[in-house]
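Colleague: I have a structure I would like to understand better, so I am pasting it below and will then ask my questions one at a time.
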Amino acid sequence: MNSTWTIAQKELLDLRRDRLFGILIIFLAVATLISVGVAAASFRTELDAYNLYVQQLSASGSATVPAAPLLFPLQLLRGGVEYLEILGALFAIVLGYGTVAKEKYRGTLQLLLSRPVGRFAIPAGKVLGLAVVWLVVVALLTVMTTAAILVIGNAPLQGIDIARILIAALIAWVYLVFWSSLAIGVTALSHRLSTGLIVSIVVWLAFVLIIPQIGDTMDPDNQVPGGLFATLNILKADELKVLANFAGFDGIRNGIEVSSVTKHFERLSFAFLGVKDKYNQLPIGLVWLDMWGYAITLAAATLASVTFAVGVTSRRNLQRKIS
Amino acid sequence: MKNLAIATGNLSKSYGSKLALDALSLEVAAGEVFGLLGHNGAGKTTTVNVLTTLLEPTHGNAEVAGHSVTADAMAVRRAIGYLPENVQFYDSLTLMENLRFFAQLSGLSRPDQRIGDVLRILDFEGQERQRLGSFSKGMRQRVGIAQAILHSPSVLFLDEPTSGLDPEGVRTLRETIVRLNSEFGMTIFMNTHLLSEVTKTCTSIGILRGGKLVHQDTLAQTLADFPGEDSLEQIYFQLESEQVS
Amino acid sequence: MNTFLVSARHEMLNTRRARTAHLLLIVFIGMVIASSVIGWVTNQTVTGIYEKVVADGLTMAPNPFTGVTPLYYTRNAVIYVLLIGSLMAIVLGVQSTLRDRKMSTADLILSRPVNSSARLIGQLAGLGAVLAAVISISLSVSWVIVSIINRAPLGWADTGRIIAFGLLSWVLLMTFALLGMLSGLRSKRETTALLVPFVIWSAVAFVLPQIGTAARPVSLLNPVPAVSSTGGYFDVVSAITGPLSVTEQFKRASSIILQDSAVTGSATPSILILLAYLAVMTVIVVATPRNRMRSGLHE
């Protein structure tokens with residue numbers, strides 16, 4: 001454990017001095033802040049339009065007042081979660097790749113391997129180091145976005161909201177560790193270092209962008225702008241009845257979606273933050289009852305990824321031809 | 001008048017505030033094998049980089065094969081061959097594909113006949129379709145020579161050509177250099193650390209120290225000028241120490 | 001043979017031999033083909049749903065898919081060009097210029113009578129030929145699949161539209177290949193060389209459109225461009241970010257070319273913007289100083 005922690009500390013020190021890492025995290029933070037700002041601006045625009053409409057109505061002598069749009073502060077985080085889902089995963093790959101690639105490029109790998117360290121100390125140290133890094137980054141992003149909701153969004157937060165944000169942060173941390181570990185393992189397995197990065201990115205492309213996109217594309221309701229059922233003037237109850245006849249197709253569609261770990265992260269985060277209307281304002285216990293399956297699969301996927309990284313980052317794989 | 005293959009006048013090169021070459025003036029006659037000696041960081045590679053037009057000098061001028069490296073760089077590039085230190089190639093391409101690429105860039109429109117001749121000279125027959133990734137260090141160095149002489153240059157620059165080679169590789173390379181000079185009349189300009197190789201290969205030498213040329217003469221004259229010393233190594237260290245003191 | 005042609009041929013040969021390039025090419029071609037099949041299966045299902053709804057007497061509305069163009073099935077190719085194609089072009093571009101710096105073969109090349117601009121344009125032409133081949137293969141197969149789904153070969157007009165979409169895709173991918181080449185020439189480390197264009201791509205594809213339209217990042221994975229929010233802030237910002245969002249411009253022009261009913265208007269401004277980016281990037285890359293092409297890596 002001692003040498004594992006020593007290696008983890010070295011990774012922390014290395015990343016603290018790495019300009020590229022700093023740039024990536026700043027980029028992620030700025031994108032997340034922008035998303036909160038844009039969501040808040042979008043709500044205000046909606047509110048302005050509503051107020052104008054109400055004014056026009058009262059000017060025309062109408063007594064009916066339509067319901068005002070409601071602001072649910074945690075829904076402002078939707079864009080931020082999606083940035084973590086897409087860009088966070090990409091940056092996690094880059095950091096995971098970097099921890100192995102740098103040792104090979106600099107020739108420090110031989111210095112490490114010639115030390116009396118255990119079989120798993122090097123990969124475990126690297127995974128641990130990155131897990132700590134992501135913990136710190138997620139903590140900073142959480143504080144920052146919470147402040148952004150209060151200041152930019154001008155929205156009040158209750159104690160329960162903070163709890164929901166912390167749960168979402170934990171989910172994000174597990175998700176990011178998944179991608180960093182995967183990249184460590186893939187890079188250790190690759191003969192050429194750039195291949196390790198490119199293969200990891202192809203996996204990212206498939207799981208983060210392509211599979212969820214296919215699932216979305218196959219959704220019958222997404223085939224017509226404004227929604228198929230809305231265009232046909234069909235009520236929700238009838239919609240469900242009709243769709244029951246196409247359960248096979250929907251099963252395949254959902255199957256494609258849930259084959260991506262990203263979808264698990266997204267559904268979990270959206271449920272706990274109440275981004276998805278079905279879970280909005282629902283007590284955390286009830287959300288958990290509905291979502292625990294996703295929590296288990298996300299945790300299992302991350303555990304598998306960490307095991308993969310620690311398992312394949314062996315002396316033999318690391319010492320393959322360096323190019 | 002001597003027919004000069006290389007002539008530099010007050011040639012200087014700075015990297016920022018660091019002066020790598022300091023008013024270098026040297027002459028190499030056509031047909032010579034010239035060895036440029038010096039410690040690490042003395043400016044040997046910078047000299048070759050300027051003479052091969054890879055770097056522009058900060059001050060002064062140099063002529064290679066009668067062409068200015070600044071005013072007529074393209075003509076210099078047509079006239080020279082160059083083997084960098086630790087040469088590398090496109091590993092996924094075959095020997096033939098690598099050489100065809102470099103030959104065509106040197107202006108040979110139908111290079112296969114010439115590549116065949118060069119491969120015969122360097123003992124590569126039958127290996128044309130092998131990928132470079134499978135070649136040993138010694139073989140790569142000979143491929144390096146091959147790419148440098150494809151277009152029959154009049155001046156050949158070799159930067160630490162024996163670096164990393166085993167004794168057998170060193171001997172093969174030495175024989176190749178001597179043959180290129182004697183049979184094909186190429187002027188050869190070589191940077192090296194190995195004084196024993198200089199004695200066996202070069203006809204003239206120069207010694208660089210801190211970017212300055214501290215000695216230049218034929219090898220025979222250099223040895224004659226130091227009657228008390230019985231090896232080039234002793235002369236080299238004496239010249240070095242004179243400058244220090 | 002001149003530097004331009006030699007460099008172009010050499011680039012094609014190198015790409016043919018690079019296994020990672022193969023991986024990306026296969027994923028790209030596979031997904032463009034798959035997009036036609038997915039489009040067809042989904043359309044069959046939606047038609048089935050409509051027929052069921054009508055049979056149950058739940059609607060009198062006409063089938064929203066009546067008269068849908070056969071090119072509808074290729075609409076997802078737009079998003080795959082943008083996602084997979086762009087990243088593939090970046091990787092190919094980075095490798096083309098970084099290769100010679102990494103292996104120091106740049107010294108072997110530049111000590112020859114080679115004009116550095118001709119060399120770079122030649123490399124770009126080689127990449128252009130590779131990208132053109134990849135786009136041609138995927139869209140040709142796509143044409144066959146759509147013809148099968150349609151139970152008749154696509155007519156000249158639709159074929160022309162697919163060709164126009166292919167050309168536009170080529171323009172976009174060349175722009176990203178140039179971004180990759182530029183990064184390969186300018187970066188000090190291989191990781192940075194690959195990463196910087198990826199980050200720029202993600203900023204262009206996700207952040208810029210979001211600032212201007214309030215579209216969420218995941219919704220930008222749809223093949224049709226994001227609809228701009230209206231209102232004071234968004235009217236001003238989208239006027240600035242709109243032309244900069246090169247991927248949204250590509251979606252817009254492609255949707256119009258492929259007759260997606262969700263997008264209306266003229267494709268010309270978007271096409272001109274894409275061509276302008278290609279021209280600017282070409283000038284920037286070709287003007288790279290000779291020294292930069294041989295500068296070593298810090299790894």
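For the structure tokens, the naming scheme is as follows: chains receive sequential letters (A, B, ...) according to their order of presentation, residues are indexed from 1 within each chain, and ligands are indexed from 1 in presentation order.
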Using only C-alpha atoms, I'd like every residue of chain A that has an atom within 7 Å of chain C; please write them out as a list in words.

Modeller: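 For chain A, the answer reads Ala31, Val38, Ala39, Ser42, Thr45, Gly79, Glu82, Tyr83, Tyr105, Arg106, Thr195, Gln213, Met218, Pro220, Pro225, Leu232, Asn233, Ile234 and Val242 of chain A.
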
Colleague: Could you give me, as CSV, every chain B residue with an atom at most 12 Å from chain A, plus its closest atom pair and distance in Å to one decimal, counting only C-alpha atoms, rows ordered by chain then number?

Modeller:
```
residue,atom,partner,partner_atom,distance
B:Gln88,CA,A:Ser323,CA,11.5
B:Asp91,CA,A:Ser323,CA,10.5
B:Gly133,CA,A:Ser323,CA,10.7
```

Colleague: Can I get the selected residues back with C-alpha atoms, as a short mmCIF file (atom, residue, chain, number, x, y, z; two decimals), in the first residue's frame?

Modeller:
```cif
data_model
loop_
_atom_site.label_atom_id
_atom_site.label_comp_id
_atom_site.auth_asym_id
_atom_site.auth_seq_id
_atom_site.Cartn_x
_atom_site.Cartn_y
_atom_site.Cartn_z
CA GLN B 88 14.47 7.10 -38.40
CA ASP B 91 8.36 1.89 -40.28
CA GLY B 133 10.13 -1.74 -38.69
#
```

Colleague: Give me the residues near Thr302 of chain A as a PyMOL selection string, where near means some atom within 9 Å (using only C-alpha atoms) and where sequence neighbours in that chain fewer than 2 positions away do not count.

Modeller: chain A and resi 174-179+181-182+297-300+304-307

Colleague: With N, CA and C atoms retained, write the just-selected residues as a PDB file, in the first residue's frame.

Modeller:
```
ATOM      1  N   VAL A 174     -17.727   8.762  -9.882  1.00  0.00           N
ATOM      2  CA  VAL A 174     -17.646   7.335 -10.259  1.00  0.00           C
ATOM      3  C   VAL A 174     -17.519   7.211 -11.782  1.00  0.00           C
ATOM      4  N   TYR A 175     -18.285   8.017 -12.507  1.00  0.00           N
ATOM      5  CA  TYR A 175     -18.282   7.984 -13.970  1.00  0.00           C
ATOM      6  C   TYR A 175     -16.912   8.378 -14.523  1.00  0.00           C
ATOM      7  N   LEU A 176     -16.301   9.416 -13.955  1.00  0.00           N
ATOM      8  CA  LEU A 176     -15.010   9.897 -14.457  1.00  0.00           C
ATOM      9  C   LEU A 176     -13.897   8.894 -14.159  1.00  0.00           C
ATOM     10  N   VAL A 177     -13.975   8.259 -12.980  1.00  0.00           N
ATOM     11  CA  VAL A 177     -12.975   7.235 -12.647  1.00  0.00           C
ATOM     12  C   VAL A 177     -13.088   6.072 -13.642  1.00  0.00           C
ATOM     13  N   PHE A 178     -14.304   5.759 -14.061  1.00  0.00           N
ATOM     14  CA  PHE A 178     -14.508   4.709 -15.065  1.00  0.00           C
ATOM     15  C   PHE A 178     -13.670   4.999 -16.313  1.00  0.00           C
ATOM     16  N   TRP A 179     -13.790   6.218 -16.843  1.00  0.00           N
ATOM     17  CA  TRP A 179     -13.111   6.549 -18.101  1.00  0.00           C
ATOM     18  C   TRP A 179     -11.593   6.630 -17.940  1.00  0.00           C
ATOM     19  N   SER A 181      -9.736   4.992 -15.787  1.00  0.00           N
ATOM     20  CA  SER A 181      -9.210   3.631 -15.617  1.00  0.00           C
ATOM     21  C   SER A 181      -9.193   2.902 -16.949  1.00  0.00           C
ATOM     22  N   LEU A 182     -10.262   3.065 -17.709  1.00  0.00           N
ATOM     23  CA  LEU A 182     -10.322   2.404 -19.014  1.00  0.00           C
ATOM     24  C   LEU A 182      -9.139   2.845 -19.885  1.00  0.00           C
ATOM     25  N   THR A 297     -25.301  -0.733 -11.728  1.00  0.00           N
ATOM     26  CA  THR A 297     -24.584  -0.993 -12.991  1.00  0.00           C
ATOM     27  C   THR A 297     -23.445   0.010 -13.195  1.00  0.00           C
ATOM     28  N   LEU A 298     -23.666   1.264 -12.820  1.00  0.00           N
ATOM     29  CA  LEU A 298     -22.589   2.251 -12.973  1.00  0.00           C
ATOM     30  C   LEU A 298     -21.409   1.893 -12.065  1.00  0.00           C
ATOM     31  N   ALA A 299     -21.715   1.527 -10.826  1.00  0.00           N
ATOM     32  CA  ALA A 299     -20.645   1.148  -9.889  1.00  0.00           C
ATOM     33  C   ALA A 299     -19.929  -0.106 -10.387  1.00  0.00           C
ATOM     34  N   ALA A 300     -20.706  -1.077 -10.907  1.00  0.00           N
ATOM     35  CA  ALA A 300     -20.100  -2.325 -11.386  1.00  0.00           C
ATOM     36  C   ALA A 300     -19.205  -2.048 -12.590  1.00  0.00           C
ATOM     37  N   ALA A 304     -15.290  -2.773 -12.781  1.00  0.00           N
ATOM     38  CA  ALA A 304     -14.724  -3.596 -13.852  1.00  0.00           C
ATOM     39  C   ALA A 304     -13.610  -2.838 -14.567  1.00  0.00           C
ATOM     40  N   SER A 305     -13.818  -1.564 -14.778  1.00  0.00           N
ATOM     41  CA  SER A 305     -12.817  -0.760 -15.473  1.00  0.00           C
ATOM     42  C   SER A 305     -11.529  -0.651 -14.647  1.00  0.00           C
ATOM     43  N   VAL A 306     -11.696  -0.434 -13.325  1.00  0.00           N
ATOM     44  CA  VAL A 306     -10.523  -0.344 -12.439  1.00  0.00           C
ATOM     45  C   VAL A 306      -9.795  -1.692 -12.428  1.00  0.00           C
ATOM     46  N   THR A 307     -10.550  -2.787 -12.345  1.00  0.00           N
ATOM     47  CA  THR A 307      -9.944  -4.122 -12.345  1.00  0.00           C
ATOM     48  C   THR A 307      -9.193  -4.355 -13.654  1.00  0.00           C
TER      49      THR A 307
END
```

Colleague: Report as JSON lines the residues of chain B within 6 Å of chain C, each with its shortest atom pair and distance in Å (one decimal), using only C-alpha atoms, ordered by chain and increasing residue number.

Modeller:
```
{"residue": "B:Thr52", "atom": "CA", "partner": "C:Ser111", "partner_atom": "CA", "distance": 5.8}
{"residue": "B:Met74", "atom": "CA", "partner": "C:Pro113", "partner_atom": "CA", "distance": 5.0}
{"residue": "B:Arg77", "atom": "CA", "partner": "C:Arg112", "partner_atom": "CA", "distance": 4.7}
{"residue": "B:Arg78", "atom": "CA", "partner": "C:Pro113", "partner_atom": "CA", "distance": 5.5}
{"residue": "B:Gln88", "atom": "CA", "partner": "C:Met103", "partner_atom": "CA", "distance": 5.4}
{"residue": "B:Leu105", "atom": "CA", "partner": "C:Thr3", "partner_atom": "CA", "distance": 5.8}
{"residue": "B:Ser106", "atom": "CA", "partner": "C:Arg112", "partner_atom": "CA", "distance": 5.5}
{"residue": "B:Ser109", "atom": "CA", "partner": "C:Met1", "partner_atom": "CA", "distance": 4.9}
```

Colleague: Save out the residues we just selected, C-alpha atoms, as a JSON list (two decimals), in the first residue's frame.

Modeller:
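Wrote it out as part37.json, contents follow:
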```json
[["chain", "number", "residue", "atom", "x", "y", "z"],
["B", 52, "THR", "CA", 22.42, 21.42, -45.00],
["B", 74, "MET", "CA", 17.49, 24.93, -53.21],
["B", 77, "ARG", "CA", 19.79, 20.84, -51.35],
["B", 78, "ARG", "CA", 20.13, 19.43, -54.87],
["B", 88, "GLN", "CA", 14.47, 7.10, -38.40],
["B", 105, "LEU", "CA", 11.73, 14.31, -53.40],
["B", 106, "SER", "CA", 15.35, 14.66, -54.56],
["B", 109, "SER", "CA", 11.52, 10.92, -61.72]]
```

Colleague: Name the residues in contact with segment 120-127 of chain A at a cut-off of 8 Å, using only C-alpha atoms, excluding same-chain residues fewer than 2 positions from it; report them as a PyMOL selection string.

Modeller: chain A and resi 1+3-8+11+99+117-118+129-131+177+180-181+184+306+309-311+313-314

Colleague: Once you have the residues from the selection above, write them out as a CSV table (one decimal), in the first residue's frame, restricted to N, CA and C atoms.

Modeller:
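The new file part.csv reads:
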```csv
chain,number,residue,atom,x,y,z
A,1,MET,N,0.8,-1.2,0.0
A,1,MET,CA,0.0,0.0,0.0
A,1,MET,C,0.9,1.3,0.0
A,3,SER,N,3.8,1.8,-1.4
A,3,SER,CA,4.3,2.2,-2.8
A,3,SER,C,3.2,2.6,-3.6
A,4,THR,N,2.0,2.1,-3.4
A,4,THR,CA,0.8,2.5,-4.2
A,4,THR,C,0.5,4.0,-3.9
A,5,TRP,N,0.6,4.3,-2.6
A,5,TRP,CA,0.3,5.7,-2.2
A,5,TRP,C,1.4,6.6,-2.7
A,6,THR,N,2.6,6.1,-2.7
A,6,THR,CA,3.8,7.0,-3.2
A,6,THR,C,3.6,7.3,-4.7
A,7,ILE,N,3.1,6.3,-5.4
A,7,ILE,CA,2.9,6.5,-6.9
A,7,ILE,C,1.7,7.4,-7.1
A,8,ALA,N,0.7,7.2,-6.3
A,8,ALA,CA,-0.5,8.1,-6.4
A,8,ALA,C,-0.1,9.6,-6.1
A,11,GLU,N,1.6,11.1,-9.0
A,11,GLU,CA,0.7,11.5,-10.1
A,11,GLU,C,0.0,12.8,-9.7
A,99,THR,N,-1.0,9.3,-17.8
A,99,THR,CA,-0.3,8.8,-16.7
A,99,THR,C,0.6,7.6,-17.2
A,117,VAL,N,8.7,-2.8,-6.2
A,117,VAL,CA,7.3,-2.6,-5.9
A,117,VAL,C,6.5,-3.8,-6.4
A,118,GLY,N,5.3,-3.9,-5.7
A,118,GLY,CA,4.5,-5.1,-6.0
A,118,GLY,C,3.9,-5.1,-7.4
A,129,GLY,N,-4.4,7.8,-7.8
A,129,GLY,CA,-4.0,9.2,-8.0
A,129,GLY,C,-5.1,9.9,-8.8
A,130,LEU,N,-5.5,9.3,-9.9
A,130,LEU,CA,-6.5,10.0,-10.7
A,130,LEU,C,-7.9,10.0,-10.0
A,131,ALA,N,-8.2,9.0,-9.1
A,131,ALA,CA,-9.4,9.1,-8.4
A,131,ALA,C,-9.4,10.3,-7.4
A,177,VAL,N,-14.0,8.3,-13.0
A,177,VAL,CA,-13.0,7.2,-12.6
A,177,VAL,C,-13.1,6.1,-13.6
A,180,SER,N,-11.1,7.2,-16.8
A,180,SER,CA,-9.7,7.3,-16.6
A,180,SER,C,-9.1,5.9,-16.5
A,181,SER,N,-9.7,5.0,-15.8
A,181,SER,CA,-9.2,3.6,-15.6
A,181,SER,C,-9.2,2.9,-16.9
A,184,ILE,N,-6.2,4.0,-18.9
A,184,ILE,CA,-5.0,3.5,-18.4
A,184,ILE,C,-4.8,2.1,-19.0
A,306,VAL,N,-11.7,-0.4,-13.3
A,306,VAL,CA,-10.5,-0.3,-12.4
A,306,VAL,C,-9.8,-1.7,-12.4
A,309,ALA,N,-7.9,-2.0,-15.6
A,309,ALA,CA,-6.6,-1.2,-15.6
A,309,ALA,C,-5.6,-1.9,-14.8
A,310,VAL,N,-5.9,-2.3,-13.6
A,310,VAL,CA,-4.9,-2.9,-12.7
A,310,VAL,C,-4.4,-4.2,-13.2
A,311,GLY,N,-5.3,-5.0,-13.8
A,311,GLY,CA,-5.0,-6.3,-14.4
A,311,GLY,C,-4.0,-6.2,-15.6
A,313,THR,N,-2.2,-3.6,-16.7
A,313,THR,CA,-1.0,-2.7,-16.6
A,313,THR,C,0.1,-3.5,-15.9
A,314,SER,N,0.5,-4.6,-16.6
A,314,SER,CA,1.5,-5.4,-16.0
A,314,SER,C,2.9,-5.0,-16.6
```

Colleague: Looking at only C-alpha atoms, which of B:Leu194, B:Leu208, B:Cys202, B:Ala224 is the one that sits closest to Val178 of chain B?

Modeller: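 Counting only C-alpha atoms, the residue closest to Val178 of chain B is B:Cys202.
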
Colleague: Compile the contact shell of Glu85 of chain B as a list of chain:residue names: residues with an atom at most 8 Å away, counting only C-alpha atoms, same-chain residues fewer than 4 positions apart removed.

Modeller: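 Counting only C-alpha atoms, the residues come to B:Leu158, B:Asp159, B:Glu160, B:Pro161, B:Ser163.
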
Colleague: For Asp22 of chain B, list every protein, DNA or RNA residue within 6 Å, evaluated using only C-alpha atoms, and leave out those in the same chain fewer than 4 positions away; present the list as a list in words.

Modeller: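 Using only C-alpha atoms, the neighbours found are Ser12, Gly211 and Lys212 of chain B.
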
Colleague: Would you save the residues of that selection, restricted to C-alpha atoms, as a short mmCIF file (atom, residue, chain, number, x, y, z; two decimals), in the first residue's frame?

Modeller:
```cif
data_model
loop_
_atom_site.label_atom_id
_atom_site.label_comp_id
_atom_site.auth_asym_id
_atom_site.auth_seq_id
_atom_site.Cartn_x
_atom_site.Cartn_y
_atom_site.Cartn_z
CA SER B 12 27.42 32.46 -36.57
CA GLY B 211 31.20 27.20 -31.24
CA LYS B 212 34.68 28.32 -32.38
#
```

Colleague: Just give me the gap between atom CA of Leu195 of chain B and atom CA of Gln221 of chain B in Å, one decimal is fine.

Modeller: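 Going from atom CA of Leu195 of chain B over to atom CA of Gln221 of chain B, I get 16.1 Å.
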
Colleague: Going by DSSP on the backbone, which bits of segment 99-229 of chain B are helix (DSSP H, G or I)? Write them as a ChimeraX atom specification, please.

Modeller: /B:99-105,112-121,132-134,137-149,167-184,195-201,219-225

Colleague: Name the residues in contact with Ile256 of chain A at a cut-off of 10 Å, using only C-alpha atoms, excluding same-chain residues fewer than 6 positions from it; report them as number ranges by chain.

Modeller: A: 211-216, 218, 250, 263

Colleague: Please produce a file of those selected residues containing N, CA and C atoms, as an mmCIF file, in the first residue's frame.

Modeller:
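Written output follows (selection.cif):
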```
data_model
loop_
_atom_site.group_PDB
_atom_site.id
_atom_site.type_symbol
_atom_site.label_atom_id
_atom_site.label_comp_id
_atom_site.auth_asym_id
_atom_site.auth_seq_id
_atom_site.Cartn_x
_atom_site.Cartn_y
_atom_site.Cartn_z
ATOM 1 N N ILE A 211 -23.982 5.628 -29.443
ATOM 2 C CA ILE A 211 -25.064 4.762 -28.940
ATOM 3 C C ILE A 211 -26.239 5.584 -28.394
ATOM 4 N N PRO A 212 -25.993 6.591 -27.529
ATOM 5 C CA PRO A 212 -27.136 7.388 -27.079
ATOM 6 C C PRO A 212 -27.853 8.084 -28.239
ATOM 7 N N GLN A 213 -27.057 8.479 -29.254
ATOM 8 C CA GLN A 213 -27.664 9.171 -30.397
ATOM 9 C C GLN A 213 -28.558 8.223 -31.184
ATOM 10 N N ILE A 214 -28.114 6.982 -31.337
ATOM 11 C CA ILE A 214 -28.944 5.998 -32.061
ATOM 12 C C ILE A 214 -30.259 5.797 -31.309
ATOM 13 N N GLY A 215 -30.153 5.633 -29.986
ATOM 14 C CA GLY A 215 -31.347 5.431 -29.177
ATOM 15 C C GLY A 215 -32.328 6.586 -29.338
ATOM 16 N N ASP A 216 -31.763 7.795 -29.342
ATOM 17 C CA ASP A 216 -32.580 8.989 -29.480
ATOM 18 C C ASP A 216 -33.246 9.040 -30.854
ATOM 19 N N MET A 218 -33.993 6.592 -32.757
ATOM 20 C CA MET A 218 -34.998 5.551 -32.969
ATOM 21 C C MET A 218 -36.299 5.815 -32.208
ATOM 22 N N ASP A 250 -39.376 -0.888 -29.028
ATOM 23 C CA ASP A 250 -38.924 -0.008 -27.958
ATOM 24 C C ASP A 250 -37.912 -0.715 -27.051
ATOM 25 N N LYS A 263 -25.351 6.463 -20.563
ATOM 26 C CA LYS A 263 -26.796 6.602 -20.367
ATOM 27 C C LYS A 263 -27.156 6.352 -18.891
#
```
